[in-house]
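Enquirer: The structure file work.pdb (PDB, C-alpha atoms) is provided below.
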```pdb
ATOM      1  CA  MET A  22      33.220  11.111   0.109
ATOM      2  CA  ALA A  23      33.396  14.347   2.061
ATOM      3  CA  GLY A  24      31.555  14.704   5.294
ATOM      4  CA  TYR A  25      29.820  17.809   6.484
ATOM      5  CA  ILE A  26      31.326  20.210   8.951
ATOM      6  CA  PRO A  27      27.679  20.575  10.043
ATOM      7  CA  PRO A  28      25.800  22.164   8.455
ATOM      8  CA  ALA A  29      27.443  22.489   5.025
ATOM      9  CA  GLU A  30      26.500  26.182   4.769
ATOM     10  CA  THR A  31      27.819  27.401   8.086
ATOM     11  CA  GLN A  32      27.216  30.846   9.558
ATOM     12  CA  PHE A  33      29.529  32.344  12.169
ATOM     13  CA  CYS A  34      27.972  34.926  14.520
ATOM     14  CA  ASP A  35      28.854  36.648  17.783
ATOM     15  CA  GLU A  36      26.953  36.091  21.034
ATOM     16  CA  ASP A  37      24.374  38.701  19.949
ATOM     17  CA  GLY A  38      23.730  36.948  16.631
ATOM     18  CA  VAL A  39      25.676  39.480  14.549
ATOM     19  CA  PRO A  40      27.453  37.698  11.681
ATOM     20  CA  TYR A  41      31.240  37.867  11.369
ATOM     21  CA  ALA A  42      30.947  39.484   7.939
ATOM     22  CA  LEU A  43      34.148  39.041   5.924
ATOM     23  CA  GLY A  44      35.838  37.252   8.806
ATOM     24  CA  THR A  45      37.996  34.179   8.264
ATOM     25  CA  VAL A  46      38.125  30.620   9.487
ATOM     26  CA  THR A  47      41.399  28.719   9.299
ATOM     27  CA  PHE A  48      41.273  24.919   9.409
ATOM     28  CA  TYR A  49      44.023  22.721  10.887
ATOM     29  CA  ILE A  50      44.687  19.094  11.684
ATOM     30  CA  PRO A  51      43.748  18.884  15.392
ATOM     31  CA  GLY A  52      46.666  19.316  17.789
ATOM     32  CA  THR A  53      48.918  20.803  15.095
ATOM     33  CA  ASP A  54      49.573  23.951  13.094
ATOM     34  CA  THR A  55      49.265  21.978   9.836
ATOM     35  CA  LEU A  56      46.568  23.359   7.540
ATOM     36  CA  LYS A  57      43.792  20.957   6.548
ATOM     37  CA  ALA A  58      41.718  21.272   3.368
ATOM     38  CA  THR A  59      38.000  21.995   3.221
ATOM     39  CA  TYR A  60      35.848  21.999   0.116
ATOM     40  CA  GLN A  61      32.898  23.871  -1.356
ATOM     41  CA  ASP A  62      31.222  20.676  -2.578
ATOM     42  CA  GLU A  63      30.482  17.197  -1.259
ATOM     43  CA  ALA A  64      32.523  15.525  -4.024
ATOM     44  CA  GLN A  65      35.659  17.361  -2.813
ATOM     45  CA  THR A  66      36.397  18.820  -6.231
ATOM     46  CA  ILE A  67      36.274  22.539  -5.356
ATOM     47  CA  LEU A  68      38.897  23.424  -2.764
ATOM     48  CA  ASN A  69      38.275  26.298  -0.353
ATOM     49  CA  THR A  70      41.005  28.790   0.384
ATOM     50  CA  ASN A  71      42.567  28.343   3.806
ATOM     51  CA  PRO A  72      41.714  30.499   5.607
ATOM     52  CA  VAL A  73      38.156  30.546   4.288
ATOM     53  CA  VAL A  74      36.849  34.102   3.868
ATOM     54  CA  LEU A  75      33.276  34.446   5.117
ATOM     55  CA  ASP A  76      30.702  36.315   3.039
ATOM     56  CA  ALA A  77      28.795  39.448   4.121
ATOM     57  CA  ALA A  78      26.406  37.243   6.133
ATOM     58  CA  GLY A  79      29.291  35.450   7.886
ATOM     59  CA  ARG A  80      28.696  32.252   5.888
ATOM     60  CA  ALA A  81      30.752  29.740   3.916
ATOM     61  CA  LEU A  82      30.179  26.356   2.288
ATOM     62  CA  LEU A  83      32.253  23.863   4.252
ATOM     63  CA  PHE A  84      32.677  20.196   3.456
ATOM     64  CA  GLY A  85      35.479  18.117   4.868
ATOM     65  CA  ASN A  86      36.697  14.728   5.942
ATOM     66  CA  GLY A  87      37.581  13.805   9.520
ATOM     67  CA  SER A  88      38.338  16.103  12.449
ATOM     68  CA  TYR A  89      39.336  19.760  12.263
ATOM     69  CA  ARG A  90      40.621  22.482  14.547
ATOM     70  CA  GLN A  91      39.130  25.852  13.587
ATOM     71  CA  VAL A  92      40.344  29.375  14.285
ATOM     72  CA  LEU A  93      37.781  32.141  13.712
ATOM     73  CA  LYS A  94      38.919  35.741  13.176
ATOM     74  CA  ASP A  95      36.852  38.852  12.594
ATOM     75  CA  SER A  96      37.291  41.066   9.517
ATOM     76  CA  LEU A  97      40.068  43.000  11.305
ATOM     77  CA  GLY A  98      42.063  39.839  12.006
ATOM     78  CA  ASN A  99      41.233  39.638  15.731
ATOM     79  CA  GLU A 100      41.061  36.040  16.949
ATOM     80  CA  ILE A 101      37.602  35.187  18.274
ATOM     81  CA  TRP A 102      38.190  31.511  19.106
TER      82      TRP A 102
END
```
Translate the structure of the given file into structure tokens.
Expert:
Amino acid sequence: MAGYIPPAETQFCDEDGVPYALGTVTFYIPGTDTLKATYQDEAQTILNTNPVVLDAAGRALLFGNGSYRQVLKDSLGNEIW
């Protein structure tokens, strides 16, 4: 069963609370450059794209299993963290 990348509906915002609308989050196996899958549902039947494209509110449904390394980019492709 998938675990949450808490919370399942995650919102990404800057330090002023402004959402990273249409930004992306890429998920990797920690310590590597190997992509790691995330899912839109707890049963792990609906695979997310990788990178995950955030909606206009900077949100995405994220379920996964185990540890992840995340890279957040804004809508222009600038790495945030």
Enquirer: Could you give me, as an MDAnalysis selection string, the residues that sit within 7 Å of (27.8, 36.4, 7.4) in the file's coordinates, counting all atoms listed in the file?
Expert: chainID A and resid 32:33 40:42 75:80
Enquirer: Just the number, please: distance in Å from atom CA of A:Ile50 to atom CA of A:Glu100, one decimal.
Expert: 18.1 Å
Enquirer: Report as a ChimeraX atom specification the residues that result from applying the PyMOL selection byres ((chain A and resi 60-69) around 7) to the structure here.
Expert: /A:22-23,58-59,70-71,73,82-85
Enquirer: Selected residues, C-alpha atoms, written as a short mmCIF file (atom, residue, chain, number, x, y, z; two decimals), in the frame of the given file, please.
Expert:
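Saved the output as selection_10.cif:
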```cif
data_model
loop_
_atom_site.label_atom_id
_atom_site.label_comp_id
_atom_site.auth_asym_id
_atom_site.auth_seq_id
_atom_site.Cartn_x
_atom_site.Cartn_y
_atom_site.Cartn_z
CA MET A 22 33.22 11.11 0.11
CA ALA A 23 33.40 14.35 2.06
CA ALA A 58 41.72 21.27 3.37
CA THR A 59 38.00 22.00 3.22
CA THR A 70 41.00 28.79 0.38
CA ASN A 71 42.57 28.34 3.81
CA VAL A 73 38.16 30.55 4.29
CA LEU A 82 30.18 26.36 2.29
CA LEU A 83 32.25 23.86 4.25
CA PHE A 84 32.68 20.20 3.46
CA GLY A 85 35.48 18.12 4.87
#
```
Enquirer: Name every residue that the PyMOL selection byres ((chain A and resi 90) around 10) selects in this structure, writing the answer as number ranges by chain with chains first and numbers rising.
Expert: A: 46-57, 88-89, 91-92
Enquirer: Any idea what the distance is between atom CA of A:Asp35 and atom CA of A:Asn86?
Expert: 26.1 Å
Enquirer: Nearest to A:Pro72: which of A:Lys94, A:Cys34, A:Ala29, A:Asn99 is it, counting all atoms listed in the file?
Expert: A:Lys94
Enquirer: With distances taken over only C-alpha atoms, which of A:Thr31, A:Ile101, A:Val39, A:Ser96 is nearest to A:Val74?
Expert: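 Among the listed residues, A:Ser96 lies closest to A:Val74.
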